[in-house]
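*Asks:* I'd like to ask you about the structure that follows.
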Amino acid sequence: MDLEISRSLTIPAAELEWSFSRSSGPGGQHVNTSDSQAQLRWNVAESRVLTEQQRERLLEHLPGILVDGVIQITASEQRSQLRNRERALVKLGERVRTALRPDGPRRRATKPTRGSQQRRLQAKGQRSQTKQNRRRPAVD
């Protein structure tokens, strides 16, 4: 089953590689015999559906997730392998959508207002006075 990221980008099922293993999560009657944990791998570096700009953006914005250009998602929250497969697809879609989202407008640096500076200094002075009042009286 293909994974639709946006109207212009759909990852074909042929590029998705699945593997299954025993899950350490919640179990049931067949917990020690069923391979319910789903691992999904997608090779971003060699994907044919990405444009060069999309590929560069993914490689730049997913550095902690990518290993040699391959993104690996693991899902083991559910008892069913089918539900874990669906959850892995959702996770991959969210990560790719987030990485491909354009950056927001840059923050324009501004100076603090004179009033905010005065309030900060006044609060700082009050805090200093409070701490001075806590000291032991000077022995004269």
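Numbering starts fresh at 1 for the residues of each chain in the structure tokens, the chains themselves are lettered A, B, ... in the order given, and ligands are numbered from 1 as they appear.
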Hey, what's within 10 Å of range 5-8 of chain A if we count only C-alpha atoms and toss same-chain stuff fewer than 4 positions away? As an NGL selection string, please?

*Replies:* :A and (49-50 or 90 or 92-97 or 100)

*Asks:* How would the residues just picked look written out with all heavy atoms as an mmCIF file, in the first residue's frame?

*Replies:*
```cif
data_model
loop_
_atom_site.group_PDB
_atom_site.id
_atom_site.type_symbol
_atom_site.label_atom_id
_atom_site.label_comp_id
_atom_site.auth_asym_id
_atom_site.auth_seq_id
_atom_site.Cartn_x
_atom_site.Cartn_y
_atom_site.Cartn_z
ATOM 1 N N VAL A 49 11.019 8.894 -6.195
ATOM 2 C CA VAL A 49 9.854 9.775 -6.220
ATOM 3 C C VAL A 49 10.172 11.186 -5.727
ATOM 4 O O VAL A 49 9.367 12.091 -5.903
ATOM 5 C CB VAL A 49 8.689 9.195 -5.385
ATOM 6 C CG1 VAL A 49 8.199 7.907 -5.995
ATOM 7 C CG2 VAL A 49 9.089 9.013 -3.949
ATOM 8 N N LEU A 50 11.345 11.380 -5.130
ATOM 9 C CA LEU A 50 11.707 12.687 -4.584
ATOM 10 C C LEU A 50 12.418 13.541 -5.619
ATOM 11 O O LEU A 50 13.228 13.032 -6.405
ATOM 12 C CB LEU A 50 12.635 12.523 -3.372
ATOM 13 C CG LEU A 50 12.064 11.845 -2.139
ATOM 14 C CD1 LEU A 50 13.162 11.623 -1.118
ATOM 15 C CD2 LEU A 50 10.946 12.669 -1.544
ATOM 16 N N VAL A 90 1.972 5.850 9.588
ATOM 17 C CA VAL A 90 1.558 7.179 10.063
ATOM 18 C C VAL A 90 2.771 7.958 10.581
ATOM 19 O O VAL A 90 2.945 9.139 10.275
ATOM 20 C CB VAL A 90 0.470 7.042 11.160
ATOM 21 C CG1 VAL A 90 0.237 8.359 11.860
ATOM 22 C CG2 VAL A 90 -0.813 6.526 10.553
ATOM 23 N N LEU A 92 5.960 7.588 9.766
ATOM 24 C CA LEU A 92 6.807 7.978 8.640
ATOM 25 C C LEU A 92 6.213 9.177 7.917
ATOM 26 O O LEU A 92 6.917 10.138 7.594
ATOM 27 C CB LEU A 92 7.004 6.807 7.679
ATOM 28 C CG LEU A 92 7.824 7.118 6.429
ATOM 29 C CD1 LEU A 92 9.244 7.501 6.795
ATOM 30 C CD2 LEU A 92 7.808 5.943 5.469
ATOM 31 N N GLY A 93 4.902 9.128 7.668
ATOM 32 C CA GLY A 93 4.241 10.250 6.992
ATOM 33 C C GLY A 93 4.382 11.549 7.761
ATOM 34 O O GLY A 93 4.662 12.601 7.182
ATOM 35 N N GLU A 94 4.201 11.498 9.087
ATOM 36 C CA GLU A 94 4.324 12.707 9.910
ATOM 37 C C GLU A 94 5.734 13.269 9.852
ATOM 38 O O GLU A 94 5.934 14.476 9.718
ATOM 39 C CB GLU A 94 3.961 12.388 11.365
ATOM 40 C CG GLU A 94 2.492 12.141 11.589
ATOM 41 C CD GLU A 94 2.207 11.630 13.005
ATOM 42 O OE1 GLU A 94 3.163 11.360 13.767
ATOM 43 O OE2 GLU A 94 1.014 11.487 13.330
ATOM 44 N N ARG A 95 6.740 12.385 9.971
ATOM 45 C CA ARG A 95 8.135 12.845 9.962
ATOM 46 C C ARG A 95 8.499 13.485 8.633
ATOM 47 O O ARG A 95 9.138 14.524 8.586
ATOM 48 C CB ARG A 95 9.070 11.668 10.242
ATOM 49 C CG ARG A 95 8.893 11.095 11.623
ATOM 50 C CD ARG A 95 10.114 11.347 12.468
ATOM 51 N NE ARG A 95 9.866 10.991 13.847
ATOM 52 C CZ ARG A 95 10.255 9.873 14.422
ATOM 53 N NH1 ARG A 95 10.917 8.988 13.719
ATOM 54 N NH2 ARG A 95 10.011 9.653 15.683
ATOM 55 N N VAL A 96 8.090 12.864 7.532
ATOM 56 C CA VAL A 96 8.429 13.385 6.203
ATOM 57 C C VAL A 96 7.689 14.696 5.956
ATOM 58 O O VAL A 96 8.276 15.668 5.465
ATOM 59 C CB VAL A 96 8.123 12.341 5.109
ATOM 60 C CG1 VAL A 96 8.273 12.929 3.722
ATOM 61 C CG2 VAL A 96 9.032 11.134 5.275
ATOM 62 N N ARG A 97 6.407 14.761 6.316
ATOM 63 C CA ARG A 97 5.638 16.006 6.148
ATOM 64 C C ARG A 97 6.273 17.152 6.925
ATOM 65 O O ARG A 97 6.398 18.269 6.425
ATOM 66 C CB ARG A 97 4.197 15.818 6.617
ATOM 67 C CG ARG A 97 3.246 15.538 5.512
ATOM 68 C CD ARG A 97 1.801 15.468 5.990
ATOM 69 N NE ARG A 97 1.253 14.205 5.549
ATOM 70 C CZ ARG A 97 1.125 13.116 6.280
ATOM 71 N NH1 ARG A 97 1.448 13.108 7.544
ATOM 72 N NH2 ARG A 97 0.639 12.006 5.761
ATOM 73 N N LEU A 100 9.506 18.329 5.256
ATOM 74 C CA LEU A 100 9.316 19.008 3.970
ATOM 75 C C LEU A 100 8.570 20.338 4.099
ATOM 76 O O LEU A 100 8.527 21.108 3.147
ATOM 77 C CB LEU A 100 8.563 18.098 2.999
ATOM 78 C CG LEU A 100 9.328 16.880 2.495
ATOM 79 C CD1 LEU A 100 8.447 16.029 1.610
ATOM 80 C CD2 LEU A 100 10.593 17.294 1.766
#
```

*Asks:* Write out as JSON, numbers by chain the set of residues from range 51-139 of chain A that DSSP, computed on the backbone, places in alpha helix (DSSP H).

*Replies:* {"A": [52, 53, 54, 55, 56, 57, 58, 59, 60, 61, 81, 82, 83, 84, 85, 86, 87, 88, 89, 90, 91, 92, 93, 94, 95, 96, 97, 98, 99, 100, 114, 115, 116, 117, 118, 119, 120, 121, 122, 123, 124, 125, 126, 127, 128, 129, 130, 131, 132, 133]}

*Asks:* At a cut-off of 10 Å, using only C-alpha atoms, what residues contact Arg57 in chain A? Leave out same-chain residues fewer than 2 positions from it and give the result as a VMD selection string.

*Replies:* chain A and resid 51 to 55 59 to 62 96 99 to 102

*Asks:* Could you state the separation of CA of Gln126 in chain A and CA of Thr113 in chain A in Å, given to one decimal place?

*Replies:* 20.2 Å

*Asks:* Compile the contact shell of Trp18 in chain A as a count of residues only: residues with an atom at most 8 Å away, counting only C-alpha atoms, same-chain residues fewer than 6 positions apart removed.

*Replies:* 4

*Asks:* Of the candidates A:Thr98, A:Thr74, A:Gln117, A:Gln129, which one gets nearest to Ser36 in chain A if we count only C-alpha atoms?

*Replies:*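 Nearest to Ser36 in chain A: A:Thr74.
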
*Asks:* What is the distance between CA of Gln37 in chain A and CA of Ser21 in chain A, in Å to one decimal?

*Replies:* 5.2 Å

*Asks:* Using DSSP assignments from the backbone, pull out every residue in chain A that falls under strand (DSSP E or B) and give it to me as an MDAnalysis selection string.

*Replies:* chainID A and resid 3:4 10:11 16:21 37:43 66:67 70:75

*Asks:* Using only C-alpha atoms, pick whichever of A:Glu86, A:Arg48, A:Lys131, A:Asp35 has the shortest atom-to-atom distance to Leu9 in chain A.

*Replies:* A:Arg48

*Asks:* Quick one, how far is CA of Glu15 in chain A from CA of Gln72 in chain A?

*Replies:*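 Computed distance, CA of Glu15 in chain A to CA of Gln72 in chain A, equals 12.6 Å.
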
*Asks:* Nearest residue to Phe20 in chain A out of A:Arg135, A:Arg85, A:Arg79, A:Lys124, using only C-alpha atoms?

*Replies:* A:Arg85
